[in-house]
Every structure is written in structure tokens, then in C-alpha cells.
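For reference, run.cif is printed below; it contains mmCIF, C-alpha atoms.
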data_structure
loop_
_atom_site.label_atom_id
_atom_site.label_comp_id
_atom_site.auth_asym_id
_atom_site.auth_seq_id
_atom_site.Cartn_x
_atom_site.Cartn_y
_atom_site.Cartn_z
CA MET A 8 -50.58 26.95 -125.07
CA LYS A 9 -48.61 25.96 -128.18
CA ASN A 10 -44.97 26.23 -129.17
CA LEU A 11 -43.58 26.68 -132.69
CA ASN A 12 -43.98 22.96 -133.47
CA ASN A 13 -47.67 23.09 -132.54
CA LYS A 14 -47.15 20.65 -129.64
CA ILE A 15 -49.38 21.34 -126.66
CA LEU A 16 -47.35 22.15 -123.55
CA ASN A 17 -48.99 22.81 -120.23
CA TYR A 18 -47.48 24.58 -117.23
CA LYS A 19 -46.41 21.37 -115.50
CA LYS A 20 -44.52 20.07 -118.54
CA ILE A 21 -42.76 23.38 -119.08
CA THR A 22 -41.55 23.71 -115.48
CA LYS A 23 -40.25 20.13 -115.48
CA ARG A 24 -37.97 20.81 -118.44
CA LYS A 25 -34.34 21.39 -117.53
CA VAL A 26 -33.98 24.62 -119.46
CA PRO A 27 -33.15 28.18 -118.36
CA LYS A 28 -36.08 30.00 -116.86
CA ILE A 29 -35.81 32.75 -119.47
CA ILE A 30 -36.87 30.25 -122.16
CA TYR A 31 -40.27 29.97 -120.47
CA LYS A 32 -40.99 33.45 -121.78
CA GLU A 33 -41.07 32.06 -125.31
CA TYR A 34 -44.28 30.30 -124.34
CA TYR A 35 -45.90 32.76 -122.00
CA GLU A 36 -44.44 35.80 -120.27
CA ASN A 37 -46.48 35.39 -117.07
CA ILE A 38 -45.41 31.84 -116.24
CA ILE A 39 -44.03 31.64 -112.68
CA PRO A 40 -41.46 28.83 -112.31
CA ARG A 41 -41.85 26.55 -109.33
CA ASN A 42 -39.54 27.16 -106.40
CA PRO A 43 -37.55 23.96 -105.74
CA PHE A 44 -37.02 24.99 -102.10
CA VAL A 45 -40.68 25.30 -101.14
CA PHE A 46 -40.29 22.32 -98.82
CA LEU A 47 -37.85 24.33 -96.68
CA GLU A 48 -40.48 27.02 -96.20
CA LYS A 49 -42.98 24.34 -95.20
CA ILE A 50 -40.53 22.92 -92.65
CA TYR A 51 -39.89 26.41 -91.25
CA GLU A 52 -43.62 27.14 -90.98
CA PHE A 53 -44.24 23.82 -89.24
CA PHE A 54 -41.36 24.46 -86.81
CA ILE A 55 -42.51 27.98 -85.88
CA LYS A 56 -46.18 26.99 -85.59
CA SER A 57 -45.20 24.07 -83.37
CA ILE A 58 -43.22 26.35 -81.03
CA ILE A 59 -46.05 28.88 -80.87
CA SER A 60 -48.65 26.15 -80.30
CA VAL A 61 -46.66 24.53 -77.48
CA PHE A 62 -46.26 27.82 -75.63
CA ALA A 63 -49.86 28.85 -76.28
CA ASN A 64 -51.28 25.53 -75.04
CA ILE A 65 -49.22 25.79 -71.85
CA LEU A 66 -49.52 29.51 -71.12
CA ILE A 67 -53.09 30.18 -72.28
CA ILE A 68 -55.48 27.96 -70.36
CA SER A 69 -58.64 27.11 -72.32
CA ARG A 70 -61.25 24.85 -70.76
CA THR A 71 -64.24 25.46 -73.03
CA GLU A 72 -64.59 24.87 -76.75
CA ASN A 73 -65.01 28.60 -77.45
CA ALA A 74 -61.87 29.35 -75.46
CA LYS A 75 -59.93 26.78 -77.48
CA ILE A 76 -61.15 28.33 -80.74
CA LYS A 77 -60.07 31.73 -79.46
CA ARG A 78 -56.64 30.33 -78.57
CA LYS A 79 -56.25 28.87 -82.07
CA ARG A 80 -57.08 32.28 -83.48
CA VAL A 81 -54.37 33.81 -81.31
CA ILE A 82 -51.87 31.21 -82.56
CA LEU A 83 -52.68 32.08 -86.19
CA ASN A 84 -52.41 35.81 -85.47
CA ILE A 85 -49.01 35.31 -83.85
CA PHE A 86 -47.72 33.29 -86.79
CA GLU A 87 -49.04 35.69 -89.44
CA LEU A 88 -47.47 38.71 -87.75
CA PHE A 89 -44.25 36.89 -86.88
CA ASN A 90 -43.86 35.62 -90.46
CA SER A 91 -44.74 38.91 -92.17
CA LYS A 92 -42.19 40.93 -94.15
CA GLN A 93 -42.83 43.96 -91.96
CA TYR A 94 -41.90 42.00 -88.85
CA ASN A 95 -38.77 40.51 -90.43
CA PHE A 96 -37.57 43.98 -91.35
CA ILE A 97 -38.07 45.22 -87.78
CA TRP A 98 -36.18 42.51 -85.91
CA LEU A 99 -33.35 42.24 -88.44
CA SER A 100 -32.70 45.99 -88.31
CA ILE A 101 -32.55 45.97 -84.50
CA THR A 102 -30.19 42.97 -84.33
CA PHE A 103 -27.25 45.11 -85.47
CA TYR A 104 -27.85 47.67 -82.73
CA MET A 105 -28.11 44.94 -80.12
CA LEU A 106 -24.75 43.60 -81.25
CA ILE A 107 -23.18 47.06 -80.90
CA SER A 108 -24.82 47.49 -77.49
CA PHE A 109 -22.83 44.50 -76.23
CA VAL A 110 -19.72 46.71 -76.07
CA ALA A 111 -21.54 49.44 -74.14
CA VAL A 112 -23.09 46.98 -71.67
CA ILE A 113 -19.75 45.33 -70.91
CA PHE A 114 -18.10 48.73 -70.43
CA ILE A 115 -20.81 49.82 -67.98
CA VAL A 116 -20.47 46.54 -66.04
CA ASN A 117 -16.73 47.14 -66.00
CA PHE A 118 -17.25 50.64 -64.64
CA LEU A 119 -19.61 49.44 -61.88
CA ASN A 120 -17.16 46.72 -60.86
CA LEU A 121 -14.36 49.25 -60.58
CA VAL A 122 -16.33 52.00 -58.86
CA ILE A 123 -18.49 49.94 -56.47
CA ASN A 124 -17.26 46.38 -55.93
CA ASP A 125 -13.54 47.16 -55.85
CA ASN A 126 -14.08 49.86 -53.23
CA ILE A 127 -15.99 47.72 -50.72
CA THR A 128 -13.52 45.90 -48.49
CA THR A 129 -16.05 43.27 -47.42
CA PHE A 130 -16.62 42.28 -51.04
CA LYS A 131 -12.90 41.99 -51.75
CA ASN A 132 -12.28 39.90 -48.63
CA LEU A 133 -15.10 37.53 -49.59
CA VAL A 134 -13.54 36.73 -52.97
CA SER A 135 -9.87 36.89 -51.93
CA ASN A 136 -9.42 33.09 -51.77
CA LEU A 137 -11.12 32.64 -55.12
CA VAL A 138 -8.82 35.24 -56.68
CA LYS A 139 -5.77 33.36 -55.40
CA LYS A 140 -7.13 30.09 -56.71
CA GLN A 141 -7.76 31.59 -60.17
CA GLU A 142 -4.29 33.23 -60.14
CA LEU A 143 -5.69 36.46 -61.54
CA ASN A 144 -3.90 39.75 -62.06
CA THR A 145 -5.64 42.10 -59.62
CA GLN A 146 -3.25 45.01 -59.97
CA TYR A 147 -5.93 47.23 -61.49
CA SER A 148 -9.16 45.56 -60.42
CA THR A 149 -10.39 42.58 -58.43
CA PHE A 150 -13.91 42.03 -59.71
CA GLN A 151 -13.39 42.72 -63.39
CA PRO A 152 -10.90 39.81 -63.84
CA LEU A 153 -13.35 37.63 -61.91
CA PHE A 154 -16.19 38.72 -64.20
CA ASN A 155 -14.10 37.99 -67.29
CA ASN A 156 -12.81 34.59 -66.16
CA ILE A 157 -15.72 33.17 -64.14
CA VAL A 158 -18.75 34.65 -65.90
CA PHE A 159 -17.83 35.49 -69.48
CA ASN A 160 -15.15 32.86 -70.02
CA LYS A 161 -17.69 30.16 -69.11
CA PHE A 162 -19.90 31.38 -71.94
CA ILE A 163 -17.14 31.92 -74.53
CA PRO A 164 -13.71 30.50 -73.63
CA GLY A 165 -10.96 32.98 -74.42
CA GLY A 166 -13.39 35.86 -74.70
CA GLU A 167 -11.90 37.60 -71.67
CA ILE A 168 -8.92 38.79 -73.71
CA PHE A 169 -11.26 41.12 -75.61
CA LEU A 170 -12.76 42.54 -72.39
CA SER A 171 -9.59 43.32 -70.48
CA LEU A 172 -9.22 46.92 -69.33
CA ASP A 173 -5.96 46.58 -67.47
CA GLU A 174 -4.81 49.95 -68.75
CA ILE A 175 -7.18 51.74 -66.37
CA ASP A 176 -5.26 52.99 -63.36
CA VAL A 177 -7.56 52.81 -60.36
CA SER A 178 -4.78 53.88 -58.00
CA SER A 179 -4.97 57.41 -59.37
CA ASN A 180 -8.44 58.02 -57.92
CA PHE A 181 -10.05 57.48 -61.30
CA LYS A 182 -8.40 60.39 -63.10
CA LEU A 183 -10.20 61.37 -66.27
CA TYR A 184 -7.39 60.36 -68.59
CA SER A 185 -7.49 56.81 -67.22
CA TRP A 186 -10.89 56.28 -68.88
CA ILE A 187 -10.14 57.94 -72.22
CA PRO A 188 -8.88 54.81 -74.08
CA GLY A 189 -11.97 52.75 -73.27
CA SER A 190 -14.34 55.70 -73.70
CA VAL A 191 -13.27 56.18 -77.31
CA ILE A 192 -15.05 52.91 -78.13
CA ALA A 193 -17.61 52.73 -75.32
CA LEU A 194 -19.24 56.16 -75.67
CA PRO A 195 -19.99 55.91 -79.42
CA SER A 196 -21.29 52.37 -78.89
CA LEU A 197 -23.46 53.65 -76.03
CA TYR A 198 -24.89 56.34 -78.32
CA ILE A 199 -25.60 53.78 -81.06
CA SER A 200 -27.04 51.39 -78.48
CA ALA A 201 -29.41 54.07 -77.18
CA GLY A 202 -30.64 54.57 -80.73
CA GLY A 203 -31.03 50.82 -81.19
CA TYR A 204 -33.05 50.39 -78.01
CA GLY A 205 -34.99 53.48 -79.08
CA LYS A 206 -35.95 51.55 -82.22
CA LEU A 207 -37.02 48.74 -79.92
CA VAL A 208 -39.40 51.19 -78.24
CA THR A 209 -40.76 52.08 -81.68
CA ALA A 210 -41.13 48.36 -82.46
CA PHE A 211 -43.14 47.81 -79.26
CA ASN A 212 -45.49 50.65 -80.15
CA THR A 213 -45.85 49.45 -83.74
CA ILE A 214 -46.50 45.78 -82.92
CA TYR A 215 -49.11 46.71 -80.30
CA TYR A 216 -50.66 49.29 -82.69
CA HIS A 217 -50.16 52.09 -80.19
CA LYS A 218 -51.39 55.40 -81.58
CA LYS A 219 -47.95 57.06 -81.18
CA THR A 220 -44.64 55.46 -82.08
CA GLY A 221 -42.66 58.11 -80.19
CA THR A 222 -40.29 60.96 -81.03
CA PHE A 223 -36.66 60.64 -82.09
CA ILE A 224 -35.22 62.27 -78.97
CA GLY A 225 -37.76 60.70 -76.61
CA ASN A 226 -37.14 57.17 -77.86
CA LYS A 227 -33.37 57.66 -77.81
CA LEU A 228 -33.49 58.83 -74.18
CA LYS A 229 -35.67 55.90 -73.28
CA GLY A 230 -33.30 53.62 -75.20
CA LEU A 231 -30.45 54.93 -73.05
CA TYR A 232 -32.50 54.10 -69.97
CA LEU A 233 -33.03 50.54 -71.23
CA VAL A 234 -29.31 50.05 -71.95
CA LEU A 235 -28.41 51.26 -68.46
CA GLY A 236 -31.08 49.00 -66.94
CA ILE A 237 -29.82 45.88 -68.74
CA SER A 238 -26.24 46.76 -67.75
CA PHE A 239 -27.23 47.14 -64.11
CA LEU A 240 -29.05 43.79 -64.12
CA LEU A 241 -26.02 42.04 -65.64
CA TRP A 242 -23.70 43.65 -63.09
CA PHE A 243 -26.00 42.82 -60.16
CA PHE A 244 -26.59 39.16 -61.01
CA SER A 245 -23.00 38.56 -62.11
CA THR A 246 -21.82 39.94 -58.77
CA LEU A 247 -24.17 37.55 -56.94
CA TYR A 248 -22.82 34.70 -59.07
CA ILE A 249 -19.22 35.63 -58.21
CA PHE A 250 -20.16 35.68 -54.52
CA SER A 251 -21.76 32.24 -54.85
CA GLN A 252 -18.63 30.85 -56.50
CA ALA A 253 -16.47 32.37 -53.76
CA SER A 254 -18.74 30.88 -51.09
CA ILE A 255 -18.54 27.43 -52.72
CA TYR A 256 -14.76 27.62 -52.82
CA ASN A 257 -14.47 28.90 -49.23
CA ASN A 258 -16.65 26.06 -47.91
CA HIS A 259 -15.27 23.19 -50.00
CA GLN A 260 -11.75 24.45 -50.82
CA THR A 261 -12.51 23.60 -54.42
CA LEU A 262 -14.98 24.56 -57.13
CA SER A 263 -17.42 21.66 -57.27
CA TYR A 264 -18.55 21.30 -60.88
CA GLY A 265 -22.08 20.34 -59.85
CA LEU A 266 -22.56 23.30 -57.52
CA SER A 267 -20.75 25.67 -59.89
CA ASP A 268 -22.92 24.67 -62.84
CA PHE A 269 -26.07 24.99 -60.73
CA ALA A 270 -25.00 28.48 -59.62
CA TYR A 271 -24.22 29.45 -63.23
CA LEU A 272 -27.59 28.26 -64.54
CA SER A 273 -29.33 30.06 -61.68
CA PHE A 274 -27.49 33.26 -62.62
CA ILE A 275 -28.44 32.88 -66.30
CA ILE A 276 -32.10 32.17 -65.48
CA LEU A 277 -32.41 35.14 -63.12
CA PHE A 278 -30.69 37.51 -65.54
CA PHE A 279 -32.79 36.50 -68.54
CA VAL A 280 -36.10 36.51 -66.66
CA PHE A 281 -35.54 39.92 -65.07
CA SER A 282 -34.06 41.45 -68.23
CA PHE A 283 -37.04 40.36 -70.35
CA LEU A 284 -39.46 41.51 -67.66
CA PHE A 285 -37.68 44.86 -67.61
CA LEU A 286 -37.69 45.26 -71.40
CA PHE A 287 -41.30 44.13 -71.87
CA LYS A 288 -42.58 46.33 -69.02
CA GLU A 289 -40.49 49.47 -69.55
CA GLY A 290 -39.97 49.29 -73.31
CA PRO A 291 -43.47 50.24 -74.53
CA SER A 292 -44.77 53.80 -74.23
CA PHE A 293 -48.04 52.49 -72.81
CA LYS A 294 -49.14 50.68 -69.67
CA LEU A 295 -48.71 46.93 -69.38
CA SER A 296 -49.16 44.76 -66.31
CA TYR A 297 -46.80 41.94 -65.40
CA LYS A 298 -49.76 39.59 -65.74
CA SER A 299 -50.03 40.43 -69.44
CA ILE A 300 -46.31 40.10 -70.28
CA TYR A 301 -45.02 37.08 -68.36
CA ARG A 302 -46.12 34.70 -71.14
CA GLY A 303 -43.90 36.43 -73.65
CA VAL A 304 -41.06 36.35 -71.12
CA PHE A 305 -41.22 32.54 -71.08
CA VAL A 306 -41.40 32.42 -74.89
CA SER A 307 -38.23 34.54 -75.15
CA PHE A 308 -36.38 33.18 -72.14
CA LEU A 309 -36.49 29.41 -72.70
CA PRO A 310 -34.90 29.37 -76.21
CA SER A 311 -32.20 31.80 -75.02
CA LEU A 312 -31.49 29.60 -72.00
CA PHE A 313 -31.33 26.57 -74.30
CA LEU A 314 -28.69 28.25 -76.47
CA VAL A 315 -26.64 29.33 -73.44
CA ILE A 316 -26.61 25.75 -72.14
CA ILE A 317 -25.43 24.53 -75.55
CA TYR A 318 -22.74 27.22 -75.69
CA THR A 319 -21.58 26.46 -72.16
CA TYR A 320 -21.05 22.74 -72.67
CA LEU A 321 -19.93 22.79 -76.30
CA ASN A 322 -17.32 25.40 -75.50
CA LYS A 323 -15.61 22.90 -73.21
CA ILE A 324 -14.61 20.87 -76.26
CA LEU A 325 -14.31 23.64 -78.88
CA ASN A 326 -11.12 25.53 -79.59
CA TYR A 327 -11.67 28.96 -81.12
CA SER A 328 -7.96 29.49 -81.72
CA LYS A 329 -8.18 26.92 -84.54
CA TYR A 330 -10.14 29.46 -86.61
CA GLY A 331 -8.76 32.58 -84.98
CA ALA A 332 -9.75 33.81 -81.53
CA ALA A 333 -11.29 37.05 -82.82
CA VAL A 334 -13.31 35.28 -85.52
CA GLY A 335 -14.64 32.69 -83.09
CA PHE A 336 -15.45 35.33 -80.49
CA PHE A 337 -17.42 37.65 -82.76
CA PHE A 338 -19.13 34.79 -84.59
CA SER A 339 -20.35 33.36 -81.28
CA ILE A 340 -21.54 36.73 -80.01
CA GLY A 341 -23.19 37.57 -83.34
CA PHE A 342 -25.07 34.27 -83.54
CA PHE A 343 -26.21 34.52 -79.92
CA ILE A 344 -27.47 38.11 -80.33
CA ASN A 345 -29.32 37.10 -83.50
CA TRP A 346 -30.98 34.18 -81.69
CA TYR A 347 -31.72 36.35 -78.63
CA VAL A 348 -33.41 39.11 -80.65
CA TYR A 349 -35.33 36.63 -82.83
CA PHE A 350 -37.04 34.96 -79.88
CA MET A 351 -37.37 38.23 -77.97
CA PHE A 352 -39.56 39.49 -80.80
CA LEU A 353 -41.48 36.24 -80.83
CA GLY A 354 -42.24 36.96 -77.16
CA ILE A 355 -43.28 40.52 -78.02
CA VAL A 356 -45.62 39.31 -80.78
CA PHE A 357 -47.02 36.64 -78.44
CA ASN A 358 -47.76 39.28 -75.79
CA SER A 359 -49.29 41.62 -78.36
CA SER A 360 -51.69 39.00 -79.71
CA TYR A 361 -52.64 37.91 -76.19
CA TYR A 362 -53.18 41.53 -75.12
CA LYS A 363 -55.42 42.32 -78.10
CA SER A 364 -57.46 39.14 -77.63
CA TYR A 365 -57.77 38.85 -73.85
CA VAL A 366 -57.01 42.26 -72.30
CA SER A 367 -57.95 45.23 -74.46
CA SER A 368 -58.16 46.31 -78.09
CA HIS A 369 -56.44 49.63 -77.35
CA THR A 370 -53.45 50.81 -75.31
CA ILE A 371 -53.26 53.43 -72.57
CA PRO A 372 -50.23 55.79 -72.70
CA LYS A 373 -48.04 56.13 -69.65
CA LYS A 374 -48.58 59.54 -68.09
CA ILE A 375 -44.94 60.55 -67.83
CA TYR A 376 -44.31 59.61 -71.48
CA SER A 377 -47.46 61.21 -72.83
CA LEU A 378 -46.30 64.55 -71.42
CA PHE A 379 -43.28 64.44 -73.72
CA VAL A 380 -45.15 62.78 -76.61
CA PHE A 381 -43.04 59.62 -76.26
#
Would you put the structure from the file into C-alpha cells?
Amino acid sequence: MKNLNNKILNYKKITKRKVPKIIYKEYYENIIPRNPFVFLEKIYEFFIKSIISVFANILIISRTENAKIKRKRVILNIFELFNSKQYNFIWLSITFYMLISFVAVIFIVNFLNLVINDNITTFKNLVSNLVKKQELNTQYSTFQPLFNNIVFNKFIPGGEIFLSLDEIDVSSNFKLYSWIPGSVIALPSLYISAGGYGKLVTAFNTIYYHKKTGTFIGNKLKGLYLVLGISFLLWFFSTLYIFSQASIYNNHQTLSYGLSDFAYLSFIILFFVFSFLFLFKEGPSFKLSYKSIYRGVFVSFLPSLFLVIIYTYLNKILNYSKYGAAVGFFFSIGFFINWYVYFMFLGIVFNSSYYKSYVSSHTIPKKIYSLFVF
């Protein structure tokens, strides 16, 4: 191509010139300028492919040459789907709903602690010494302050101030008005969360190419079921963790850091494994065996565990009050939820590619859901 001075300029020379991109149009309107940040995309692709390859080589055993070729094909399918624009739109849209669901999940755990744990004398006697050691205010509840200080505060120091529900008067036999202040926030967030998890059901059906993505009401009801299930798992395993901490203190008259950290990591591992198993098994509107989903559970669980460990030990030296307690709290929760959802979908895509390659090319609807066209 030639400019006004009749000097030959090729594409490479034009793009190297430090001139505004609009000037390129003087030479040729279809010239596409080079992206100076292409190397970042290459690094990202290498990072994601490496993660997928490591998990695939460990979780998909291939002894023959044909099996290895098939595994490589699965790795490429996972990366192409995971890196597609359609996939990015799905997981980014659901991240917001997962963040909102955090409020609903904590409220449900709060409710279960008040209704069940605080009304069982054996439970309260078991943790009585630990409560005295922590110097907690148990005027309204025994287990909720323990959950805030022992479980949540270990993850995000200072976060318990945003979870306190001391205004609830449990001495009044749980009168309706006692729950109104918290319900104003919790019930709308529960409704939004049900819709968000309903979109997760749609995402499962879409990624697996199920013939029906589900109905609006059906997916929302199933989303509510998933929110309640995750809340129950968090309450159950957090209660076991509190009991383990109380047992350590009763036997040693102190909270041994080694035993406490081991108990905390055990709680985190159990919660993540069972929550991912629950979501991957109950989320889709079609039948899946545990044998076909456990690989994706490991893909999702290990990065989430890695981030929790980093949070737990970095938070011992970080001070959120320096930047504002609320800002630090919501930034930490937001980043964790984003990371959690990102790798959860990587696990879903991993399971989908494995299912299509090694199990079946089509899905079988669950009977109870097919009746309601879920």
C-alpha cells in the first residue's frame, strides 16, 4: 500500500509507528492494530491449560495411547468451553447472586443455631467452658456468638460485627416481631438467592446440553432447595467444628494452635467436598452418578481450599480497620465468592466434558423433575 508521498508502507511498519490508531485509516480502513497485551492472554491460556492438564492427568487414568489421545481431546474441549464468551457470561452473571446468597445462608445458619443448638441442654453444657474462655455475650444466644467468633472470625477477622443478631429476643419464645428486623434483609436476599441458584440449574443444563433448561418457577424452587441445602451443610459442619474446639479446650484447658488449625482445616475440607457434591449431584435436572462428578469436585474444591488457607493465615497479620472494616469485609467476601464460582464452573465444565466423552452423549431427565418440566 502507498501513502501520499508514494513510500511503500507495509502492515508491520504502520503498526510500529507511534501514532493514533485512527491515522491507520488513512492507509487502509481494514487494518487491525496489534494488541500490545497479547502476551497476557498467552500467560492466562498457559495457566488455565496447565491447571486443566494437571487435574486431567491425575483424575483420568489413561494407560494406552488411544486413551491418552482421548484425554488430550477432553482437555482441549474443557479449555475451549471454559474460555468461550458464552461461558464467561454465565459464570459472571451468577457470581452476583452467589454474593447476595451469602446473607441468606448466614441468616439460615443463625436461625438453626437459635432454634436447635441453643435449645439442647447437652450442647450448651459441652461448650460452656469454651464460652467462658472466649468471654462471649450469650444473653441472646450461645452458639451464634461461637459461630461468629470461632468459625467466621477465623476466616475474616472482625467480620463477626456484621453478623451479630443480638437484637433477637429468644426469651420471648421466638415471637414473630423478634425476627422482623433481620427478615427485612434476609427474606429478599433469600428470594434473590433462589433465583441465582435457579440460574445455576439452567447453567448445568446448558453446559451439559440437556434438552430442557427448565422453567422459571421450577428452577427458582430448585434454587431455593439448593440454598437451604448449602445452609444446612454449613450449619452442620460448623456445629461439629465448634464441638471439636470445645473438646480440645476441655481436655487441654487451652486451645492448642496445632489441634485447632487441624480441626479448622478438617471442617473446611468436609464442608467444601460435601457442598460441591451436593451442588453437582442435585443441581442438574438430569441423572448423574457420584462416580461421574467427583473429578469436578476435586477441581473446584482444591483451589477454594487453597484460598481459604491463604485467607486464614494472612488475616492474622492484616488489619482491615486500616482501610475501613466494612470495605475490607465486603472486598474479602466478594473476592472469595468470585474465586469460588470461577473454579466451581471449571469443575462443572470438567465433569461435562468427561461425561460426554466417557459416559454418554445424552442426558437422562430425573423423573420427579420431568413431571414438572424442570
Pick from A:Phe250, A:Tyr215, A:Phe109, A:Phe283 nearest to Ser364 (chain A), counting only C-alpha atoms: A:Tyr215
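Counting all atoms listed in the file, the residue from A:Tyr248, A:Phe114, A:Tyr318, A:Phe62 that sits nearest to Leu235 (chain A) is A:Phe114.
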Matched chain/residue IDs from the PyMOL selection byres ((chain A and resi 131) around 12), as a list in words: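 Written out, the selection comes to Asn120, Leu121, Ile123, Asn124, Asp125, Asn126, Ile127, Thr128, Thr129, Phe130, Asn132, Leu133, Val134, Ser135, Asn136, Leu137, Val138, Lys139, Thr145, Ser148, Thr149, Phe150, Gln151, Leu153, Thr246, Ile249, Phe250 and Ala253 of chain A.
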Ground truth for the PyMOL selection byres ((chain A and resi 218-224) around 10), written as a VMD selection string: chain A and resid 202 205 to 206 208 to 217 225 to 230 291 to 293 369 to 372 376 to 377 379 to 381
Å distance separating CA of Val116 (chain A) from CA of Lys373 (chain A), one decimal place: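 A separation of 29.4 Å between them.
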Nearest candidate to Phe274 (chain A) (options A:Leu106, A:Val81, A:Val356, A:Val158; using all atoms listed in the file):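 Of A:Leu106, A:Val81, A:Val356, A:Val158, the one nearest Phe274 (chain A) is A:Val158, counting all atoms listed in the file.
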Expansion of the PyMOL selection byres ((chain A and resi 82-96) around 9) into residues, as an MDAnalysis selection string: chainID A and resid 52 55:56 59:60 63 77:81 97:101 214 352:353 356:357 359:361
A:Leu272, A:Ile76, A:Ser299, A:Phe336 ranked by distance to Leu312 (chain A), top pick (using all atoms listed in the file): A:Leu272
Two-atom distance - CA of Leu207 (chain A), CA of Met351 (chain A) (Å):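 About the pair CA of Leu207 (chain A) and CA of Met351 (chain A): they are 10.7 Å apart.
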Minimum-distance residue to Leu314 (chain A), chosen among A:Ile344, A:Ile58, A:Val234, A:Lys294 (using all atoms listed in the file):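 Once distances to Leu314 (chain A) are computed over all atoms listed in the file, the minimum belongs to A:Ile344.
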